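Novice: Sharing coords_0.csv (CSV, C-alpha atoms and all ligand atoms) below.
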```csv
chain,number,residue,atom,x,y,z
A,1,MET,CA,130.9,-6.2,-201.9
A,2,PRO,CA,133.6,-4.1,-200.1
A,3,SER,CA,137.0,-5.7,-200.4
A,4,GLN,CA,138.6,-7.2,-197.3
A,5,PRO,CA,141.2,-5.0,-195.6
A,6,GLU,CA,144.7,-6.5,-196.2
A,7,SER,CA,146.5,-8.3,-193.5
A,8,GLY,CA,150.2,-7.6,-192.9
A,9,LEU,CA,153.0,-8.5,-190.7
A,10,HIS,CA,153.1,-7.0,-187.2
A,11,ILE,CA,155.9,-7.5,-184.7
A,12,ALA,CA,154.0,-8.6,-181.7
A,13,GLY,CA,157.0,-9.4,-179.5
A,14,THR,CA,160.7,-9.3,-179.4
A,15,GLY,CA,163.2,-11.1,-177.1
A,16,VAL,CA,167.0,-11.5,-176.7
A,17,TYR,CA,169.5,-13.7,-174.9
A,18,LEU,CA,173.1,-12.6,-174.5
A,19,PRO,CA,175.6,-14.7,-172.6
A,20,SER,CA,176.7,-13.0,-169.3
A,21,ARG,CA,180.4,-13.5,-170.0
A,22,ILE,CA,181.9,-10.3,-171.5
A,23,VAL,CA,185.2,-10.6,-173.3
A,24,THR,CA,186.8,-7.2,-173.8
A,25,ASN,CA,189.5,-6.2,-176.3
A,26,GLN,CA,192.0,-6.2,-173.4
A,27,ASP,CA,191.1,-9.8,-172.8
A,28,LEU,CA,191.9,-10.6,-176.4
A,29,GLU,CA,195.3,-8.8,-176.1
A,30,LYS,CA,196.3,-11.7,-174.0
A,31,LEU,CA,195.3,-14.2,-176.6
A,32,VAL,CA,196.5,-12.9,-179.9
A,33,ASP,CA,198.8,-10.2,-181.2
A,34,THR,CA,196.3,-7.3,-181.1
A,35,THR,CA,195.5,-4.1,-179.2
A,36,ASP,CA,192.4,-2.5,-177.9
A,37,GLU,CA,193.2,0.5,-180.0
A,38,TRP,CA,193.4,-1.5,-183.3
A,39,ILE,CA,190.2,-3.3,-182.7
A,40,LEU,CA,188.3,-0.2,-181.6
A,41,THR,CA,189.5,2.1,-184.4
A,42,ARG,CA,189.2,-0.6,-187.2
A,43,THR,CA,185.9,-2.1,-186.1
A,44,GLY,CA,184.2,0.0,-183.3
A,45,ILE,CA,184.0,-3.2,-181.2
A,46,LYS,CA,184.8,-2.8,-177.5
A,47,GLU,CA,183.5,-6.1,-176.2
A,48,ARG,CA,181.5,-9.2,-177.2
A,49,ARG,CA,179.5,-11.9,-175.3
A,50,ILE,CA,181.0,-15.4,-175.3
A,51,SER,CA,178.8,-18.4,-174.5
A,52,SER,CA,179.5,-21.0,-171.8
A,53,GLU,CA,179.3,-24.7,-172.6
A,54,GLN,CA,175.6,-24.7,-171.7
A,55,GLU,CA,174.8,-21.7,-173.8
A,56,THR,CA,174.3,-23.4,-177.2
A,57,SER,CA,172.4,-21.9,-180.1
A,58,THR,CA,169.4,-23.8,-179.0
A,59,PHE,CA,169.6,-22.7,-175.4
A,60,MET,CA,170.0,-19.0,-176.4
A,61,GLY,CA,167.3,-19.3,-179.0
A,62,VAL,CA,164.8,-20.8,-176.5
A,63,ALA,CA,165.4,-18.0,-174.0
A,64,ALA,CA,165.0,-15.3,-176.6
A,65,SER,CA,161.8,-17.0,-177.9
A,66,LYS,CA,160.2,-17.2,-174.5
A,67,GLN,CA,160.7,-13.5,-174.0
A,68,ALA,CA,159.3,-12.7,-177.4
A,69,LEU,CA,156.3,-15.0,-176.8
A,70,ALA,CA,155.6,-13.4,-173.4
A,71,GLN,CA,155.7,-9.9,-174.9
A,72,ALA,CA,153.3,-11.0,-177.6
A,73,GLN,CA,151.1,-12.6,-175.0
A,74,LEU,CA,151.1,-15.9,-176.9
A,75,SER,CA,152.0,-19.4,-176.0
A,76,ALA,CA,154.0,-21.9,-178.1
A,77,SER,CA,150.7,-23.7,-179.0
A,78,ASP,CA,149.6,-20.5,-180.9
A,79,LEU,CA,152.5,-20.8,-183.3
A,80,ASP,CA,151.9,-21.8,-186.9
A,81,LEU,CA,155.6,-21.8,-188.0
A,82,ILE,CA,159.0,-21.7,-186.4
A,83,LEU,CA,161.9,-20.4,-188.5
A,84,VAL,CA,165.5,-20.2,-187.2
A,85,ALA,CA,168.3,-18.4,-189.0
A,86,THR,CA,171.7,-19.8,-187.9
A,87,VAL,CA,175.0,-20.9,-189.2
A,88,THR,CA,175.9,-22.5,-185.9
A,89,PRO,CA,173.1,-25.0,-185.1
A,90,ASP,CA,173.9,-27.6,-182.4
A,91,SER,CA,173.4,-30.3,-185.0
A,92,PHE,CA,172.6,-30.5,-188.8
A,93,PHE,CA,169.6,-32.5,-187.8
A,94,PRO,CA,167.5,-32.1,-185.7
A,95,SER,CA,167.5,-28.5,-186.9
A,96,ALA,CA,167.8,-25.7,-184.4
A,97,ALA,CA,164.2,-24.9,-185.1
A,98,CYS,CA,163.1,-28.5,-184.1
A,99,ARG,CA,165.2,-28.4,-181.0
A,100,ILE,CA,163.8,-24.9,-180.0
A,101,SER,CA,160.3,-26.1,-180.8
A,102,ALA,CA,160.7,-29.1,-178.5
A,103,GLU,CA,162.0,-27.0,-175.6
A,104,LEU,CA,159.1,-24.6,-176.1
A,105,GLY,CA,156.5,-27.4,-176.3
A,106,ALA,CA,155.3,-26.4,-179.8
A,107,THR,CA,154.7,-30.1,-180.8
A,108,GLY,CA,153.3,-30.4,-184.3
A,109,CYS,CA,154.2,-26.9,-185.5
A,110,PRO,CA,156.3,-26.9,-188.6
A,111,ALA,CA,159.9,-25.9,-187.9
A,112,PHE,CA,163.0,-25.5,-190.0
A,113,ASP,CA,166.3,-23.6,-190.2
A,114,LEU,CA,167.3,-21.3,-192.9
A,115,GLN,CA,170.8,-20.4,-193.7
A,116,ALA,CA,171.8,-17.1,-195.4
A,117,ALA,CA,174.6,-16.3,-193.0
A,118,CYS,CA,174.4,-12.7,-191.7
A,119,SER,CA,171.4,-12.0,-194.0
A,120,GLY,CA,169.5,-14.9,-192.5
A,121,PHE,CA,167.2,-13.0,-190.2
A,122,VAL,CA,166.1,-10.6,-193.0
A,123,TYR,CA,165.7,-13.5,-195.4
A,124,GLY,CA,163.5,-15.1,-192.7
A,125,LEU,CA,161.4,-12.0,-192.3
A,126,ILE,CA,160.7,-11.9,-196.0
A,127,LEU,CA,159.8,-15.6,-196.0
A,128,ALA,CA,157.5,-15.2,-193.0
A,129,GLU,CA,155.7,-12.3,-194.5
A,130,GLN,CA,154.7,-14.5,-197.5
A,131,PHE,CA,153.0,-17.0,-195.2
A,132,LEU,CA,151.3,-14.3,-193.1
A,133,ARG,CA,150.1,-12.4,-196.2
A,134,SER,CA,148.7,-15.5,-197.9
A,135,GLY,CA,146.9,-16.5,-194.7
A,136,ALA,CA,148.8,-19.8,-194.5
A,137,ALA,CA,150.0,-18.7,-191.0
A,138,LYS,CA,148.8,-16.3,-188.3
A,139,ASN,CA,151.7,-16.4,-185.8
A,140,ILE,CA,155.3,-17.1,-186.7
A,141,LEU,CA,158.3,-17.3,-184.4
A,142,LEU,CA,161.5,-16.1,-186.2
A,143,VAL,CA,164.8,-16.6,-184.4
A,144,GLY,CA,168.4,-15.6,-185.1
A,145,SER,CA,170.7,-17.5,-182.8
A,146,GLU,CA,174.5,-17.8,-183.2
A,147,ARG,CA,177.4,-19.2,-181.3
A,148,LEU,CA,180.2,-17.9,-183.5
A,149,SER,CA,182.8,-18.5,-180.8
A,150,SER,CA,182.6,-22.2,-181.7
A,151,VAL,CA,183.6,-21.6,-185.3
A,152,VAL,CA,186.3,-18.9,-185.0
A,153,ASP,CA,190.0,-19.8,-184.9
A,154,TRP,CA,191.1,-18.2,-181.6
A,155,ARG,CA,194.6,-18.0,-183.0
A,156,ASP,CA,193.6,-15.9,-186.0
A,157,ARG,CA,193.6,-12.2,-185.1
A,158,ASN,CA,192.0,-11.4,-188.4
A,159,THR,CA,188.7,-12.9,-187.4
A,160,CYS,CA,188.6,-13.8,-183.7
A,161,VAL,CA,188.3,-10.2,-182.6
A,162,LEU,CA,185.2,-9.6,-184.7
A,163,PHE,CA,182.6,-12.1,-183.6
A,164,GLY,CA,180.3,-12.8,-180.7
A,165,ASP,CA,177.5,-15.0,-179.4
A,166,GLY,CA,173.8,-14.2,-178.8
A,167,ALA,CA,170.2,-14.7,-179.9
A,168,GLY,CA,167.2,-12.6,-180.8
A,169,ALA,CA,163.6,-13.6,-181.6
A,170,VAL,CA,160.5,-12.0,-182.9
A,171,VAL,CA,156.9,-13.1,-182.9
A,172,LEU,CA,155.3,-12.0,-186.1
A,173,ARG,CA,151.5,-11.8,-186.4
A,174,SER,CA,149.2,-11.3,-189.3
A,175,GLN,CA,147.1,-8.3,-188.4
A,176,THR,CA,144.3,-6.7,-190.4
A,177,GLY,CA,145.0,-3.2,-191.6
A,178,CYS,CA,148.7,-3.5,-190.7
A,179,ARG,CA,151.0,-2.7,-193.5
A,180,GLY,CA,154.0,-4.3,-191.8
A,181,LEU,CA,156.6,-5.1,-194.5
A,182,LEU,CA,156.3,-2.4,-197.1
A,183,ALA,CA,158.9,-3.7,-199.5
A,184,PHE,CA,162.0,-5.8,-199.7
A,185,ASP,CA,165.0,-6.7,-201.8
A,186,TRP,CA,167.1,-9.8,-201.5
A,187,GLY,CA,169.8,-11.5,-203.5
A,188,ALA,CA,172.8,-13.8,-203.5
A,189,ASP,CA,176.0,-14.2,-205.5
A,190,GLY,CA,177.6,-17.6,-205.0
A,191,SER,CA,180.5,-16.8,-207.4
A,192,SER,CA,182.3,-14.8,-204.7
A,193,SER,CA,181.6,-17.3,-201.9
A,194,ASP,CA,185.3,-17.9,-201.2
A,195,LEU,CA,185.7,-14.4,-199.8
A,196,LEU,CA,183.9,-15.5,-196.6
A,197,HIS,CA,183.3,-19.1,-195.8
A,198,LEU,CA,182.9,-21.7,-193.1
A,199,HIS,CA,183.5,-25.2,-194.6
A,200,ASN,CA,181.8,-28.3,-193.3
A,201,PRO,CA,184.8,-30.7,-192.8
A,202,GLN,CA,182.5,-33.7,-192.9
A,203,ALA,CA,181.3,-32.8,-196.4
A,204,ARG,CA,184.5,-34.1,-198.0
A,205,GLY,CA,183.2,-37.6,-197.5
A,206,ARG,CA,184.6,-40.5,-195.6
A,207,ALA,CA,184.9,-44.0,-197.1
A,208,THR,CA,184.2,-43.2,-200.7
A,209,GLN,CA,186.9,-40.5,-201.3
A,210,PRO,CA,190.7,-40.6,-201.1
A,211,PRO,CA,192.0,-38.7,-198.0
A,212,ALA,CA,192.0,-34.9,-198.7
A,213,PRO,CA,193.7,-32.2,-196.7
A,214,LEU,CA,191.5,-31.2,-193.8
A,215,ALA,CA,189.1,-28.4,-194.8
A,216,PRO,CA,189.3,-25.5,-192.3
A,217,ASP,CA,186.3,-25.7,-190.0
A,218,CYS,CA,186.6,-22.0,-188.9
A,219,ILE,CA,185.5,-18.8,-190.5
A,220,VAL,CA,187.8,-17.6,-193.2
A,221,MET,CA,187.4,-14.1,-194.5
A,222,ALA,CA,189.0,-11.7,-197.0
A,223,GLY,CA,188.2,-8.7,-194.8
A,224,LYS,CA,189.0,-5.8,-197.1
A,225,GLU,CA,187.1,-7.2,-200.0
A,226,ILE,CA,184.1,-8.2,-197.9
A,227,PHE,CA,184.1,-4.7,-196.4
A,228,LYS,CA,183.8,-3.1,-199.9
A,229,GLN,CA,181.2,-5.6,-201.1
A,230,ALA,CA,179.1,-5.1,-197.9
A,231,VAL,CA,178.9,-1.4,-198.3
A,232,HIS,CA,177.9,-1.5,-202.0
A,233,ALA,CA,175.5,-4.4,-201.6
A,234,MET,CA,173.7,-2.9,-198.6
A,235,ALA,CA,173.5,0.6,-200.1
A,236,ASP,CA,172.2,-0.7,-203.5
A,237,SER,CA,169.7,-3.1,-201.8
A,238,SER,CA,168.4,-0.3,-199.5
A,239,LYS,CA,167.8,2.0,-202.5
A,240,ARG,CA,165.9,-0.8,-204.4
A,241,THR,CA,163.7,-1.5,-201.4
A,242,LEU,CA,162.9,2.2,-200.9
A,243,LYS,CA,162.1,2.6,-204.6
A,244,LYS,CA,159.8,-0.4,-204.6
A,245,ALA,CA,158.0,1.1,-201.5
A,246,GLY,CA,157.8,4.6,-203.1
A,247,VAL,CA,159.3,5.9,-199.8
A,248,GLN,CA,162.0,8.6,-199.6
A,249,LEU,CA,164.9,8.1,-197.3
A,250,GLU,CA,164.1,11.2,-195.3
A,251,ASP,CA,160.8,9.5,-194.4
A,252,VAL,CA,162.7,6.6,-192.8
A,253,LYS,CA,162.9,7.0,-189.0
A,254,CYS,CA,165.7,4.5,-188.4
A,255,VAL,CA,168.1,2.3,-190.3
A,256,ILE,CA,169.1,-1.0,-188.6
A,257,SER,CA,171.9,-2.5,-190.5
A,258,HIS,CA,173.9,-5.6,-189.9
A,259,GLN,CA,176.5,-5.0,-187.1
A,260,ALA,CA,179.8,-6.1,-188.5
A,261,ASN,CA,182.0,-3.1,-188.3
A,262,ILE,CA,181.2,0.6,-187.4
A,263,ARG,CA,183.2,1.7,-190.4
A,264,ILE,CA,180.9,-0.3,-192.7
A,265,ILE,CA,177.9,1.3,-191.0
A,266,ASP,CA,179.4,4.8,-191.4
A,267,ALA,CA,180.2,4.1,-195.1
A,268,LEU,CA,176.7,2.9,-195.7
A,269,VAL,CA,175.0,5.9,-194.1
A,270,ASP,CA,177.4,8.2,-196.0
A,271,LYS,CA,176.6,6.5,-199.3
A,272,LEU,CA,172.8,6.7,-198.5
A,273,LYS,CA,173.2,10.3,-197.2
A,274,PHE,CA,171.2,9.2,-194.1
A,275,PRO,CA,171.7,11.0,-190.8
A,276,ARG,CA,174.1,8.9,-188.7
A,277,GLU,CA,172.2,9.6,-185.5
A,278,ARG,CA,169.2,7.8,-186.9
A,279,CYS,CA,171.2,4.7,-187.6
A,280,PHE,CA,171.0,2.2,-184.7
A,281,VAL,CA,174.4,0.9,-183.5
A,282,ASN,CA,175.3,-1.8,-180.9
A,283,VAL,CA,178.3,-3.3,-182.5
A,284,HIS,CA,180.5,-1.9,-179.7
A,285,LYS,CA,178.8,-4.1,-177.2
A,286,TYR,CA,178.3,-7.4,-179.1
A,287,GLY,CA,180.5,-7.5,-182.2
A,288,ASN,CA,179.2,-9.4,-185.2
A,289,MET,CA,176.6,-12.0,-184.2
A,290,SER,CA,175.7,-12.9,-187.8
A,291,ALA,CA,172.0,-13.7,-188.0
A,292,ALA,CA,171.4,-12.7,-184.4
A,293,CYS,CA,172.5,-9.0,-185.0
A,294,ILE,CA,169.3,-7.7,-186.5
A,295,PRO,CA,166.8,-9.3,-184.1
A,296,VAL,CA,168.9,-8.1,-181.1
A,297,ALA,CA,169.1,-4.6,-182.6
A,298,LEU,CA,165.4,-4.6,-183.3
A,299,HIS,CA,164.7,-5.4,-179.6
A,300,GLU,CA,167.0,-2.7,-178.4
A,301,ALA,CA,166.1,-0.1,-181.1
A,302,GLY,CA,162.4,0.2,-180.1
A,303,PRO,CA,163.1,2.0,-176.7
A,304,GLU,CA,166.5,3.5,-177.6
A,305,MET,CA,165.4,5.1,-180.9
A,306,LYS,CA,162.0,5.9,-179.4
A,307,LEU,CA,160.2,4.2,-182.3
A,308,GLN,CA,156.5,4.9,-182.5
A,309,LYS,CA,153.7,3.0,-184.2
A,310,GLY,CA,153.8,3.8,-187.9
A,311,ASP,CA,157.5,4.8,-188.0
A,312,LYS,CA,159.3,3.4,-191.0
A,313,VAL,CA,162.4,1.3,-190.2
A,314,LEU,CA,164.8,0.0,-192.8
A,315,LEU,CA,166.6,-3.3,-192.1
A,316,VAL,CA,169.6,-4.2,-194.2
A,317,ALA,CA,172.1,-7.0,-194.0
A,318,PHE,CA,175.0,-8.6,-195.9
A,319,GLY,CA,176.9,-11.8,-195.3
A,320,GLY,CA,178.5,-15.0,-196.4
A,321,GLY,CA,177.1,-16.6,-199.6
A,322,LEU,CA,177.5,-13.9,-200.6
A,323,THR,CA,174.0,-12.8,-199.5
A,324,TRP,CA,172.2,-9.5,-198.9
A,325,ALA,CA,168.7,-8.4,-198.0
A,326,SER,CA,166.8,-5.3,-197.0
A,327,ALA,CA,163.3,-4.8,-195.8
A,328,LEU,CA,161.3,-1.6,-195.1
A,329,ILE,CA,158.9,-2.2,-192.2
A,330,GLU,CA,156.3,-0.1,-190.5
A,331,TRP,CA,156.7,-0.2,-186.7
A,401,LIG,O1,179.4,-10.4,-191.3
A,401,LIG,C1,180.0,-10.6,-192.5
A,401,LIG,C2,180.6,-9.5,-193.0
A,401,LIG,N1,181.9,-9.2,-192.4
A,401,LIG,C3,182.3,-8.1,-192.5
A,401,LIG,O2,181.6,-7.2,-193.0
A,401,LIG,C4,183.8,-7.7,-192.1
A,401,LIG,C5,184.4,-6.9,-193.2
A,401,LIG,N2,185.8,-6.5,-193.0
A,401,LIG,C6,186.2,-5.7,-192.0
A,401,LIG,O3,185.4,-5.4,-191.1
A,401,LIG,C7,187.6,-5.3,-192.0
A,401,LIG,O4,188.2,-5.5,-193.2
A,401,LIG,C8,188.5,-5.9,-190.9
A,401,LIG,C9,188.1,-5.3,-189.5
A,401,LIG,C10,188.3,-7.4,-190.9
A,401,LIG,C11,190.0,-5.6,-191.1
A,401,LIG,O5,190.2,-4.2,-191.2
A,401,LIG,P1,191.1,-3.5,-192.3
A,401,LIG,O6,191.1,-2.1,-192.1
A,401,LIG,O7,190.5,-4.0,-193.6
A,401,LIG,O8,192.5,-4.2,-192.0
A,401,LIG,P2,193.3,-5.2,-192.9
A,401,LIG,O9,192.7,-6.5,-193.1
A,401,LIG,O10,193.7,-4.4,-194.2
A,401,LIG,O11,194.6,-5.3,-192.0
A,401,LIG,C12,195.5,-4.2,-191.8
A,401,LIG,C13,196.6,-4.7,-190.9
A,401,LIG,C14,197.3,-5.9,-191.4
A,401,LIG,O12,198.7,-5.8,-191.2
A,401,LIG,P3,199.7,-5.4,-192.4
A,401,LIG,O13,199.5,-6.5,-193.4
A,401,LIG,O14,199.2,-4.1,-192.9
A,401,LIG,O15,201.0,-5.4,-191.7
A,401,LIG,C15,196.7,-7.0,-190.6
A,401,LIG,O16,197.6,-8.1,-190.4
A,401,LIG,O17,196.1,-5.0,-189.6
A,401,LIG,C16,196.5,-6.3,-189.3
A,401,LIG,N3,195.5,-6.9,-188.4
A,401,LIG,C17,195.5,-6.7,-187.1
A,401,LIG,N4,196.3,-6.0,-186.3
A,401,LIG,C18,196.0,-6.1,-184.9
A,401,LIG,C19,194.5,-7.7,-188.8
A,401,LIG,N5,193.8,-8.0,-187.7
A,401,LIG,C20,194.4,-7.4,-186.6
A,401,LIG,C21,194.2,-7.4,-185.2
A,401,LIG,N6,195.0,-6.7,-184.4
A,401,LIG,N7,193.1,-8.0,-184.7
```
Please re-express this file's structure in structure tokens.
Specialist:
Amino acid sequence: MPSQPESGLHIAGTGVYLPSRIVTNQDLEKLVDTTDEWILTRTGIKERRISSEQETSTFMGVAASKQALAQAQLSASDLDLILVATVTPDSFFPSAACRISAELGATGCPAFDLQAACSGFVYGLILAEQFLRSGAAKNILLVGSERLSSVVDWRDRNTCVLFGDGAGAVVLRSQTGCRGLLAFDWGADGSSSDLLHLHNPQARGRATQPPAPLAPDCIVMAGKEIFKQAVHAMADSSKRTLKKAGVQLEDVKCVISHQANIRIIDALVDKLKFPRERCFVNVHKYGNMSAACIPVALHEAGPEMKLQKGDKVLLVAFGGGLTWASALIEW
């Protein structure tokens, strides 16, 4: 009997939501002791989007999801799983996934959040592929939605200039004969977690523990060390993924890396010896949106990088945890 052709992941639709409020470097000059020149030369960021009170992670995730579903020509009732990568859910529970599911009207569909900081979306893609390949799901909504403006200390120039808000969503379908995700690599190292963290102040306990100094509830980062680790981890992970796929870097049409700092992206492509012009960049417009960076970049890279069916695209991310992940996909 002839063997069944394999089913793989196909990106059937993408969508984004970016708050309309643009905060420029000049705006930040009025807030902290910084300059447009410092931010631009050290990070490549010119501006970022900052949410209004109404534009929560749920709100932005819903809007991005609706666009992705419309492009995929699917409705919420077609979904078998909703995954949301976020470090800024509106509440611990219900999860952002449950909130988004309710707004979409996807009653009954399993929904949960996953948290791997800036690597969250690529982690989600890897997870989704397992369900699609096994046949446990046919249509999966994967969202990255972040409202980082709510967790930065706006008095701290070391961090507040770096982050932004936004959401991206993809609808992933299992499609016969589609190779989709060719290979991946993911990992974590909790032993260096103090280099980049966002504590939960409630986690120190209430009645049962003696009063402790307030844990900071804003992002804390050892920028220089994180920079070095990000470049190494993303380069090494990319190489492992390409090796697993048996694909040479010159056969990759486009690299979409996490958008934290243009100098990290430049150092990564230098280390990989990959042509800079084939690396997608939008950090100048949005800053670091954590788990939302890669889905927003995926949405924009299709037309901007003129991606064609069959093109190989390498996704690679690094973030708090520490976590890293890379995935080679076929467009
Ligand atoms: O998404 C998770 C991953 N996150 C990242 O990948 C971020 C990784 N790190 C970075 O992108 C960079 O390390 C930063 C952009 C955060 C900082 O750039 P840097 O070149 O490593 O600068 P630095 O931290 O060594 O700071 C250099 C100087 C310091 O002053 P002194 O000590 O030399 O007098 C800082 O206080 O720049 C100062 N500085 C600023 N000056 C003006 C730090 N932030 C600012 C600022 N404006 N916003």
Novice: One decimal, Å: what's the distance from atom CA of Phe112 of chain A over to atom CA of Tyr286 of chain A, could you say?
Specialist: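 Atom CA of Phe112 of chain A sits 26.1 Å away from atom CA of Tyr286 of chain A.
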Novice: When you look at Lys273 of chain A with a cut-off of 12 Å (counting all atoms listed in the file), what residues show up, excluding the ones that are within fewer than 3 positions of it in the same chain? I need them as a VMD selection string.
Specialist: chain A and resid 235 238 to 239 248 to 250 252 255 265 to 270 276 to 279
Novice: Let me make sure I understand: among A:Ile126, A:Gly168, A:Asn139, A:Arg263, which one has the smallest atom-to-atom distance to Thr41 of chain A if we use all atoms listed in the file?
Specialist: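 Closest candidate: A:Arg263.
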Novice: Chain A near ligand LIG 401 (chain A) within 7 Å: what's each residue's closest atom pair and its distance in Å to one decimal, counting only C-alpha atoms and all ligand atoms, ordered by chain then ascending residue number, as a tab-separated table?
Specialist:
```
residue	atom	partner	partner_atom	distance
A:Asp33	CA	A:LIG401	N6	6.1
A:Thr34	CA	A:LIG401	N6	3.6
A:Thr35	CA	A:LIG401	N6	5.8
A:Trp38	CA	A:LIG401	C18	5.5
A:Ile39	CA	A:LIG401	N7	5.9
A:Arg42	CA	A:LIG401	C9	5.3
A:Thr43	CA	A:LIG401	C9	5.2
A:Cys118	CA	A:LIG401	O1	5.5
A:Arg157	CA	A:LIG401	N7	4.2
A:Asn158	CA	A:LIG401	N5	3.9
A:Thr159	CA	A:LIG401	C10	6.5
A:Val161	CA	A:LIG401	N7	5.7
A:Gly223	CA	A:LIG401	O4	3.6
A:Lys224	CA	A:LIG401	O4	4.0
A:Ile226	CA	A:LIG401	C5	4.9
A:Phe227	CA	A:LIG401	C5	3.9
A:Ala230	CA	A:LIG401	O2	5.9
A:Ala260	CA	A:LIG401	O2	5.0
A:Asn261	CA	A:LIG401	O3	5.0
A:Ile264	CA	A:LIG401	O2	6.9
A:Asn288	CA	A:LIG401	O1	6.2
A:Ser290	CA	A:LIG401	O1	5.7
A:Phe318	CA	A:LIG401	C1	6.4
A:Gly319	CA	A:LIG401	C1	4.3
A:Gly320	CA	A:LIG401	C1	6.1
```
Novice: Scan for residues within 9 Å of the point (175.2, -29.8, -191.3) in the coordinates of the file, using only C-alpha atoms, and reply as a PDB file with C-alpha atoms, in the frame of the given file.
Specialist:
```
ATOM      1  CA  PRO A  89     173.100 -25.000-185.100  1.00  0.00           C
ATOM      2  CA  SER A  91     173.400 -30.300-185.000  1.00  0.00           C
ATOM      3  CA  PHE A  92     172.600 -30.500-188.800  1.00  0.00           C
ATOM      4  CA  PHE A  93     169.600 -32.500-187.800  1.00  0.00           C
ATOM      5  CA  SER A  95     167.500 -28.500-186.900  1.00  0.00           C
ATOM      6  CA  ASN A 200     181.800 -28.300-193.300  1.00  0.00           C
ATOM      7  CA  GLN A 202     182.500 -33.700-192.900  1.00  0.00           C
ATOM      8  CA  ALA A 203     181.300 -32.800-196.400  1.00  0.00           C
TER       9      ALA A 203
END
```
Novice: Nearest to Val220 of chain A: which of A:Leu28, A:Val247, A:Val151, A:Val170 is it, counting all atoms listed in the file?
Specialist: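 The shortest atom-to-atom distance to Val220 of chain A comes from A:Val151.
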Novice: Quick one: distance from atom CA of Leu81 of chain A to atom CA of Ala136 of chain A in Å, one decimal?
Specialist: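 Interatomic distance here is 9.6 Å.
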Novice: Would you mind telling me which residue in A:Leu142, A:Ala137, A:Leu181, A:Ile329 lies nearest to Gly61 of chain A when using only C-alpha atoms?
Specialist: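 Closest to Gly61 of chain A, using only C-alpha atoms: A:Leu142.
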